[in-house]
Amino acid sequence: MNATVSEIDDEKKTIRIEADWNEVSADYEDAYLPYRNVSLPGFRPGKIPRSVIENRFHKEICASAGKRSATRLTRDALREKQLRTAGGTAVVEINFERGKAFSCVAEFVLRPQFELPDYSNMEITETEDEKQRDQITDWLLEKVSFPIADSLVSCELSEEEADAKPGSEAWTDAEKRARALLILHDIAENEGIEVSDVSIEQRIVQTAHSIGAEPHALREHLAASGGLTRLRDFMLAEATLTYLLEKNTKNQK
């Protein structure tokens with residue numbers, strides 16, 4: 001794998017990944033698997049020749065495999081280069097063809113550098129769970145200050161707030177949410193807190209059932225829109241707040 005990092009502007013950077021076919025062939029196989037039991041006229045399910053399936057669903061399989069390869073290799077390349085991103089990465093270009101070399105381009109924002117306070121002795125005065133979590137978040141925001149990219153704040157704005165400008169109430173609230181996520185993610189990294197793929201899958205299934213959607217359809221929508229990264233970010237923040245609440249409540253006893 002070859003990885004090259006370039007600057008777009010003061011906030012954003014890009015990383016270009018190039019890899020040989022043998023480095024992405026496993027992703028192709030994973031993307032092919034769901035198509036093995038499709039129904040096609042003239043064939044019995046499960047008995048369709050692989051070549052027929054690959055020709056019929058070539059575009060779909062390559063698109064799915066390309067997303068898998070881009071996500072995996074970008075994550076690995078950033079880790080190798082010791083680059084920590086804020087808000088995940090946005091893949092803007094994928095070139096995936098069966099049996100050929102792979103390439104992709106992703107955009108990202110570097111995570112701001114800041115020093116964490118001693119978060120093991122917070123005084124929790126609230127009694128309700130949600131208010132306790134809000135109190136912890138407010139305490140962290142009061143103790144930690146750092147410059148934050150506008151693009152990260154924009155990600156926290158709702159569709160109705162999309163036109164909000166710096167200094168407005170909507171922008172200020174979004175900036176607090178963005179800062180809180182970054183602080184909680186640093187604490188999670190410091191404490192070894194992680195969110196497993198199994199937990200994310202369970203959340204997708206629960207959410208899909210609650211809104212009357214198919215888990216597969218919701219999963220595909222999240223994958224296409226970048227929502228999987230956001231879901232992981234929020235679940236990691238939730239897990240970190242749970243850890244901080246339990247730790248500080250125990251210390252107060």
# chains A, B, ... in the order shown; residues from 1 in each chain; ligands from 1

call {"tool": "residues_around", "arguments": {"residues": "range 49-65 of chain A", "least_positions_apart": "3", "cutoff": "10 Å", "atoms": "only C-alpha atoms", "output": "ChimeraX atom specification"}}
result
/A:24-40,43,46,68-71,94-98,220,223-224

call {"tool": "residues_around", "arguments": {"residues": "Asp197 in chain A", "least_positions_apart": "2", "cutoff": "12 Å", "atoms": "only C-alpha atoms", "output": "ChimeraX atom specification"}}
result
/A:194-195,199-204,228-229,231-232,235-236

call {"tool": "write_last_selection", "arguments": {"atoms": "all heavy atoms", "output": "mmCIF file, in the first residue's frame"}}
result
data_model
loop_
_atom_site.group_PDB
_atom_site.id
_atom_site.type_symbol
_atom_site.label_atom_id
_atom_site.label_comp_id
_atom_site.auth_asym_id
_atom_site.auth_seq_id
_atom_site.Cartn_x
_atom_site.Cartn_y
_atom_site.Cartn_z
ATOM 1 N N GLU A 194 -13.588 1.247 23.901
ATOM 2 C CA GLU A 194 -13.861 1.036 22.480
ATOM 3 C C GLU A 194 -15.312 0.629 22.265
ATOM 4 O O GLU A 194 -15.979 0.183 23.199
ATOM 5 C CB GLU A 194 -12.930 -0.043 21.911
ATOM 6 C CG GLU A 194 -11.447 0.320 21.950
ATOM 7 C CD GLU A 194 -10.578 -0.777 21.367
ATOM 8 O OE1 GLU A 194 -11.094 -1.902 21.172
ATOM 9 O OE2 GLU A 194 -9.386 -0.511 21.096
ATOM 10 N N VAL A 195 -15.764 0.800 21.028
ATOM 11 C CA VAL A 195 -17.106 0.352 20.639
ATOM 12 C C VAL A 195 -16.924 -0.745 19.599
ATOM 13 O O VAL A 195 -16.302 -0.515 18.563
ATOM 14 C CB VAL A 195 -17.938 1.514 20.057
ATOM 15 C CG1 VAL A 195 -19.278 1.000 19.538
ATOM 16 C CG2 VAL A 195 -18.163 2.591 21.111
ATOM 17 N N SER A 199 -21.586 -4.233 18.782
ATOM 18 C CA SER A 199 -22.435 -3.242 19.453
ATOM 19 C C SER A 199 -23.076 -2.306 18.438
ATOM 20 O O SER A 199 -24.255 -1.935 18.571
ATOM 21 C CB SER A 199 -21.620 -2.434 20.457
ATOM 22 O OG SER A 199 -21.123 -3.261 21.482
ATOM 23 N N ILE A 200 -22.313 -1.909 17.438
ATOM 24 C CA ILE A 200 -22.844 -1.022 16.404
ATOM 25 C C ILE A 200 -23.945 -1.732 15.620
ATOM 26 O O ILE A 200 -25.002 -1.150 15.338
ATOM 27 C CB ILE A 200 -21.719 -0.558 15.461
ATOM 28 C CG1 ILE A 200 -20.744 0.347 16.215
ATOM 29 C CG2 ILE A 200 -22.291 0.174 14.247
ATOM 30 C CD1 ILE A 200 -19.531 0.745 15.424
ATOM 31 N N GLU A 201 -23.721 -2.995 15.289
ATOM 32 C CA GLU A 201 -24.726 -3.763 14.567
ATOM 33 C C GLU A 201 -26.005 -3.898 15.401
ATOM 34 O O GLU A 201 -27.122 -3.767 14.871
ATOM 35 C CB GLU A 201 -24.178 -5.144 14.213
ATOM 36 C CG GLU A 201 -25.146 -6.031 13.444
ATOM 37 C CD GLU A 201 -25.541 -5.464 12.102
ATOM 38 O OE1 GLU A 201 -24.785 -4.630 11.550
ATOM 39 O OE2 GLU A 201 -26.620 -5.846 11.593
ATOM 40 N N GLN A 202 -25.860 -4.136 16.685
ATOM 41 C CA GLN A 202 -27.027 -4.238 17.563
ATOM 42 C C GLN A 202 -27.799 -2.927 17.605
ATOM 43 O O GLN A 202 -29.038 -2.926 17.593
ATOM 44 C CB GLN A 202 -26.579 -4.639 18.974
ATOM 45 C CG GLN A 202 -26.067 -6.061 19.075
ATOM 46 C CD GLN A 202 -25.497 -6.386 20.442
ATOM 47 O OE1 GLN A 202 -25.168 -5.480 21.229
ATOM 48 N NE2 GLN A 202 -25.348 -7.666 20.744
ATOM 49 N N ARG A 203 -27.096 -1.809 17.634
ATOM 50 C CA ARG A 203 -27.758 -0.501 17.653
ATOM 51 C C ARG A 203 -28.500 -0.258 16.335
ATOM 52 O O ARG A 203 -29.602 0.292 16.339
ATOM 53 C CB ARG A 203 -26.736 0.607 17.894
ATOM 54 C CG ARG A 203 -27.304 2.028 17.923
ATOM 55 C CD ARG A 203 -28.231 2.252 19.099
ATOM 56 N NE ARG A 203 -27.528 2.152 20.354
ATOM 57 C CZ ARG A 203 -26.915 3.187 20.952
ATOM 58 N NH1 ARG A 203 -26.947 4.391 20.388
ATOM 59 N NH2 ARG A 203 -26.299 3.022 22.104
ATOM 60 N N ILE A 204 -27.890 -0.661 15.229
ATOM 61 C CA ILE A 204 -28.546 -0.501 13.926
ATOM 62 C C ILE A 204 -29.825 -1.312 13.880
ATOM 63 O O ILE A 204 -30.876 -0.824 13.423
ATOM 64 C CB ILE A 204 -27.592 -0.928 12.785
ATOM 65 C CG1 ILE A 204 -26.444 0.070 12.651
ATOM 66 C CG2 ILE A 204 -28.350 -1.047 11.458
ATOM 67 C CD1 ILE A 204 -25.373 -0.343 11.661
ATOM 68 N N LEU A 228 -22.217 5.764 9.485
ATOM 69 C CA LEU A 228 -21.626 4.734 10.337
ATOM 70 C C LEU A 228 -20.528 5.320 11.229
ATOM 71 O O LEU A 228 -20.406 4.955 12.399
ATOM 72 C CB LEU A 228 -21.063 3.596 9.486
ATOM 73 C CG LEU A 228 -22.076 2.596 8.928
ATOM 74 C CD1 LEU A 228 -21.369 1.567 8.052
ATOM 75 C CD2 LEU A 228 -22.834 1.909 10.053
ATOM 76 N N THR A 229 -19.750 6.227 10.661
ATOM 77 C CA THR A 229 -18.698 6.874 11.454
ATOM 78 C C THR A 229 -19.307 7.713 12.565
ATOM 79 O O THR A 229 -18.844 7.696 13.713
ATOM 80 C CB THR A 229 -17.814 7.758 10.561
ATOM 81 O OG1 THR A 229 -17.171 6.941 9.576
ATOM 82 C CG2 THR A 229 -16.751 8.476 11.383
ATOM 83 N N LEU A 231 -22.251 7.302 13.917
ATOM 84 C CA LEU A 231 -22.854 6.404 14.900
ATOM 85 C C LEU A 231 -21.802 5.880 15.854
ATOM 86 O O LEU A 231 -22.002 5.848 17.071
ATOM 87 C CB LEU A 231 -23.554 5.247 14.188
ATOM 88 C CG LEU A 231 -24.183 4.180 15.099
ATOM 89 C CD1 LEU A 231 -25.223 4.797 16.023
ATOM 90 C CD2 LEU A 231 -24.805 3.065 14.263
ATOM 91 N N ARG A 232 -20.657 5.479 15.310
ATOM 92 C CA ARG A 232 -19.568 4.994 16.159
ATOM 93 C C ARG A 232 -19.090 6.103 17.107
ATOM 94 O O ARG A 232 -18.821 5.855 18.285
ATOM 95 C CB ARG A 232 -18.410 4.493 15.304
ATOM 96 C CG ARG A 232 -17.269 3.870 16.104
ATOM 97 C CD ARG A 232 -16.124 3.465 15.188
ATOM 98 N NE ARG A 232 -16.472 2.365 14.331
ATOM 99 C CZ ARG A 232 -16.374 1.084 14.683
ATOM 100 N NH1 ARG A 232 -15.925 0.769 15.885
ATOM 101 N NH2 ARG A 232 -16.710 0.132 13.839
ATOM 102 N N MET A 235 -21.700 6.562 19.895
ATOM 103 C CA MET A 235 -21.700 5.428 20.815
ATOM 104 C C MET A 235 -20.452 5.427 21.689
ATOM 105 O O MET A 235 -20.506 5.067 22.871
ATOM 106 C CB MET A 235 -21.827 4.120 20.032
ATOM 107 C CG MET A 235 -23.196 3.907 19.414
ATOM 108 S SD MET A 235 -23.353 2.338 18.522
ATOM 109 C CE MET A 235 -23.163 1.151 19.863
ATOM 110 N N LEU A 236 -19.324 5.853 21.135
ATOM 111 C CA LEU A 236 -18.096 5.947 21.919
ATOM 112 C C LEU A 236 -18.231 7.036 22.980
ATOM 113 O O LEU A 236 -17.783 6.867 24.122
ATOM 114 C CB LEU A 236 -16.907 6.253 21.003
ATOM 115 C CG LEU A 236 -15.529 6.268 21.663
ATOM 116 C CD1 LEU A 236 -15.220 4.917 22.300
ATOM 117 C CD2 LEU A 236 -14.454 6.622 20.645
#

call {"tool": "residues_around", "arguments": {"residues": "range 186-193 of chain A", "least_positions_apart": "4", "cutoff": "8 Å", "atoms": "only C-alpha atoms", "output": "ChimeraX atom specification"}}
result
/A:116,182,236-237,239-240

call {"tool": "residues_around", "arguments": {"residues": "range 242-253 of chain A", "least_positions_apart": "4", "cutoff": "10 Å", "atoms": "only C-alpha atoms", "output": "PyMOL selection string"}}
result
chain A and resi 119-125+129+132-133+135-137+184+187-188+191+193+236-238

call {"tool": "closest_residue", "arguments": {"among": "A:Ala3, A:Val205, A:Ile48, A:Val92", "to": "Ser225 in chain A", "atoms": "only C-alpha atoms"}}
result
A:Val92

call {"tool": "residues_around", "arguments": {"residues": "range 176-181 of chain A", "least_positions_apart": "6", "cutoff": "8 Å", "atoms": "only C-alpha atoms", "output": "list in words"}}
result
Thr137, Leu140, Leu141, Ile148, Leu152, Val153, Glu156, Asp233, Phe234 and Ala237 of chain A

call {"tool": "select_by_dssp", "arguments": {"residues": "range 5-223 of chain A", "states": "strand (DSSP E or B)", "output": "PyMOL selection string"}}
result
chain A and resi 5-7+12-19+85-95+102-110

call {"tool": "write_last_selection", "arguments": {"atoms": "N, CA, C and O atoms", "output": "compact mmCIF listing (two decimals), in the first residue's frame"}}
result
# COMPACT_ATOMS: atom_id res chain seq x y z
N VAL A 5 -0.16 12.03 1.76
CA VAL A 5 -0.98 13.05 2.41
C VAL A 5 -0.69 14.42 1.79
O VAL A 5 0.46 14.78 1.58
N SER A 6 -1.77 15.16 1.48
CA SER A 6 -1.63 16.51 0.91
C SER A 6 -2.57 17.45 1.65
O SER A 6 -3.56 17.04 2.26
N GLU A 7 -2.27 18.75 1.60
CA GLU A 7 -3.11 19.76 2.25
C GLU A 7 -4.08 20.35 1.25
O GLU A 7 -3.72 20.65 0.11
N LYS A 12 -8.39 21.25 6.18
CA LYS A 12 -8.54 19.92 5.59
C LYS A 12 -7.27 19.40 4.92
O LYS A 12 -6.47 20.16 4.41
N LYS A 13 -7.16 18.08 4.96
CA LYS A 13 -6.08 17.39 4.26
C LYS A 13 -6.69 16.23 3.47
O LYS A 13 -7.83 15.83 3.71
N THR A 14 -5.93 15.71 2.53
CA THR A 14 -6.35 14.52 1.80
C THR A 14 -5.29 13.44 1.94
O THR A 14 -4.11 13.73 2.14
N ILE A 15 -5.75 12.20 1.82
CA ILE A 15 -4.82 11.08 1.79
C ILE A 15 -5.20 10.22 0.59
O ILE A 15 -6.37 9.86 0.41
N ARG A 16 -4.23 9.96 -0.26
CA ARG A 16 -4.44 9.12 -1.44
C ARG A 16 -3.84 7.75 -1.20
O ARG A 16 -2.66 7.64 -0.83
N ILE A 17 -4.64 6.72 -1.39
CA ILE A 17 -4.21 5.34 -1.15
C ILE A 17 -4.10 4.62 -2.49
O ILE A 17 -5.01 4.69 -3.32
N GLU A 18 -3.02 3.90 -2.68
CA GLU A 18 -2.85 3.04 -3.85
C GLU A 18 -2.44 1.65 -3.35
O GLU A 18 -1.56 1.53 -2.49
N ALA A 19 -3.09 0.60 -3.89
CA ALA A 19 -2.80 -0.75 -3.42
C ALA A 19 -2.92 -1.75 -4.57
O ALA A 19 -3.70 -1.55 -5.51
N THR A 85 -7.64 11.75 13.26
CA THR A 85 -8.63 12.59 12.61
C THR A 85 -9.73 13.01 13.57
O THR A 85 -9.97 12.35 14.58
N ALA A 86 -10.39 14.09 13.23
CA ALA A 86 -11.57 14.55 13.97
C ALA A 86 -12.76 14.49 13.02
O ALA A 86 -12.69 14.99 11.90
N GLY A 87 -13.82 13.83 13.44
CA GLY A 87 -14.99 13.75 12.58
C GLY A 87 -14.88 12.69 11.50
O GLY A 87 -15.66 12.68 10.55
N GLY A 88 -13.93 11.78 11.63
CA GLY A 88 -13.81 10.71 10.65
C GLY A 88 -13.21 11.19 9.34
O GLY A 88 -12.64 12.28 9.24
N THR A 89 -13.34 10.36 8.32
CA THR A 89 -12.82 10.68 6.99
C THR A 89 -13.95 10.63 5.98
O THR A 89 -14.92 9.89 6.15
N ALA A 90 -13.83 11.40 4.91
CA ALA A 90 -14.83 11.41 3.84
C ALA A 90 -14.15 10.92 2.56
O ALA A 90 -13.26 11.61 2.02
N VAL A 91 -14.53 9.76 2.08
CA VAL A 91 -13.96 9.22 0.85
C VAL A 91 -14.59 9.94 -0.33
O VAL A 91 -15.81 9.93 -0.51
N VAL A 92 -13.78 10.59 -1.15
CA VAL A 92 -14.30 11.39 -2.26
C VAL A 92 -14.01 10.76 -3.62
O VAL A 92 -14.51 11.24 -4.64
N GLU A 93 -13.20 9.71 -3.63
CA GLU A 93 -12.88 9.06 -4.91
C GLU A 93 -12.49 7.61 -4.66
O GLU A 93 -11.71 7.32 -3.75
N ILE A 94 -13.07 6.69 -5.44
CA ILE A 94 -12.73 5.27 -5.34
C ILE A 94 -12.58 4.70 -6.74
O ILE A 94 -13.44 4.91 -7.60
N ASN A 95 -11.49 3.99 -6.96
CA ASN A 95 -11.29 3.28 -8.24
C ASN A 95 -11.07 1.81 -7.92
O ASN A 95 -9.99 1.42 -7.44
N PHE A 102 -5.94 -0.87 -7.00
CA PHE A 102 -6.98 -0.06 -6.33
C PHE A 102 -6.41 1.30 -5.96
O PHE A 102 -5.23 1.44 -5.65
N SER A 103 -7.29 2.32 -5.96
CA SER A 103 -6.90 3.62 -5.44
C SER A 103 -8.13 4.33 -4.88
O SER A 103 -9.26 4.07 -5.29
N CYS A 104 -7.89 5.21 -3.93
CA CYS A 104 -8.97 6.04 -3.38
C CYS A 104 -8.38 7.31 -2.80
O CYS A 104 -7.17 7.40 -2.55
N VAL A 105 -9.22 8.31 -2.62
CA VAL A 105 -8.83 9.57 -2.01
C VAL A 105 -9.83 9.90 -0.91
O VAL A 105 -11.05 9.81 -1.13
N ALA A 106 -9.35 10.26 0.26
CA ALA A 106 -10.22 10.63 1.37
C ALA A 106 -9.78 11.97 1.95
O ALA A 106 -8.59 12.30 1.94
N GLU A 107 -10.75 12.72 2.44
CA GLU A 107 -10.48 14.01 3.07
C GLU A 107 -10.66 13.87 4.58
O GLU A 107 -11.50 13.08 5.04
N PHE A 108 -9.89 14.63 5.34
CA PHE A 108 -10.02 14.56 6.80
C PHE A 108 -9.50 15.85 7.43
O PHE A 108 -8.81 16.66 6.80
N VAL A 109 -9.86 16.01 8.69
CA VAL A 109 -9.40 17.13 9.51
C VAL A 109 -8.61 16.55 10.67
O VAL A 109 -9.06 15.59 11.32
N LEU A 110 -7.44 17.07 10.95
CA LEU A 110 -6.63 16.58 12.06
C LEU A 110 -7.30 16.91 13.40
O LEU A 110 -7.89 17.99 13.57

call {"tool": "atom_distance", "arguments": {"atom1": "CA of Asp163 in chain A", "atom2": "CA of Leu222 in chain A"}}
result
23.7 Å

call {"tool": "select_by_dssp", "arguments": {"residues": "range 56-244 of chain A", "states": "helix (DSSP H, G or I)", "output": "PyMOL selection string"}}
result
chain A and resi 56+58-80+129-143+150-154+159-161+169-191+197-210+215-225+227-244

call {"tool": "atom_distance", "arguments": {"atom1": "CA of Glu115 in chain A", "atom2": "CA of Ala170 in chain A"}}
result
26.7 Å

call {"tool": "atom_distance", "arguments": {"atom1": "CA of Thr4 in chain A", "atom2": "CA of Lys100 in chain A"}}
result
19.8 Å

call {"tool": "residues_around", "arguments": {"residues": "Phe114 in chain A", "least_positions_apart": "6", "cutoff": "8 Å", "atoms": "only C-alpha atoms", "output": "list in words"}}
result
Val144, Ser145 and Phe146 of chain A

call {"tool": "decode", "arguments": {"residues": "range 63-76 of chain A", "atoms": "N, CA, C and O atoms", "output": "short mmCIF file (atom, residue, chain, number, x, y, z; two decimals), in the first residue's frame"}}
result
data_model
loop_
_atom_site.label_atom_id
_atom_site.label_comp_id
_atom_site.auth_asym_id
_atom_site.auth_seq_id
_atom_site.Cartn_x
_atom_site.Cartn_y
_atom_site.Cartn_z
N ALA A 63 -18.74 -1.78 -6.25
CA ALA A 63 -19.04 -0.59 -5.45
C ALA A 63 -18.95 -0.91 -3.97
O ALA A 63 -18.36 -0.16 -3.18
N SER A 64 -19.52 -2.05 -3.57
CA SER A 64 -19.47 -2.46 -2.17
C SER A 64 -18.04 -2.77 -1.74
O SER A 64 -17.59 -2.35 -0.67
N ALA A 65 -17.31 -3.50 -2.58
CA ALA A 65 -15.92 -3.84 -2.26
C ALA A 65 -15.06 -2.59 -2.17
O ALA A 65 -14.17 -2.49 -1.31
N GLY A 66 -15.30 -1.64 -3.06
CA GLY A 66 -14.51 -0.40 -3.06
C GLY A 66 -14.68 0.37 -1.77
O GLY A 66 -13.70 0.90 -1.21
N LYS A 67 -15.91 0.43 -1.25
CA LYS A 67 -16.15 1.13 0.01
C LYS A 67 -15.43 0.43 1.16
O LYS A 67 -14.86 1.08 2.04
N ARG A 68 -15.49 -0.91 1.13
CA ARG A 68 -14.81 -1.67 2.19
C ARG A 68 -13.30 -1.40 2.16
O ARG A 68 -12.67 -1.15 3.19
N SER A 69 -12.72 -1.47 0.96
CA SER A 69 -11.28 -1.27 0.82
C SER A 69 -10.88 0.14 1.22
O SER A 69 -9.87 0.34 1.91
N ALA A 70 -11.65 1.12 0.77
CA ALA A 70 -11.34 2.52 1.07
C ALA A 70 -11.36 2.77 2.57
O ALA A 70 -10.46 3.40 3.13
N THR A 71 -12.40 2.27 3.24
CA THR A 71 -12.52 2.46 4.69
C THR A 71 -11.37 1.79 5.43
O THR A 71 -10.73 2.40 6.30
N ARG A 72 -11.08 0.55 5.09
CA ARG A 72 -10.05 -0.22 5.79
C ARG A 72 -8.66 0.35 5.55
O ARG A 72 -7.89 0.56 6.50
N LEU A 73 -8.31 0.58 4.29
CA LEU A 73 -6.95 1.03 3.98
C LEU A 73 -6.69 2.46 4.43
O LEU A 73 -5.58 2.79 4.86
N THR A 74 -7.70 3.30 4.36
CA THR A 74 -7.54 4.67 4.86
C THR A 74 -7.29 4.66 6.35
O THR A 74 -6.39 5.36 6.86
N ARG A 75 -8.06 3.86 7.07
CA ARG A 75 -7.87 3.75 8.53
C ARG A 75 -6.47 3.24 8.85
O ARG A 75 -5.78 3.78 9.72
N ASP A 76 -6.03 2.22 8.13
CA ASP A 76 -4.70 1.64 8.38
C ASP A 76 -3.59 2.65 8.05
O ASP A 76 -2.60 2.76 8.79
#
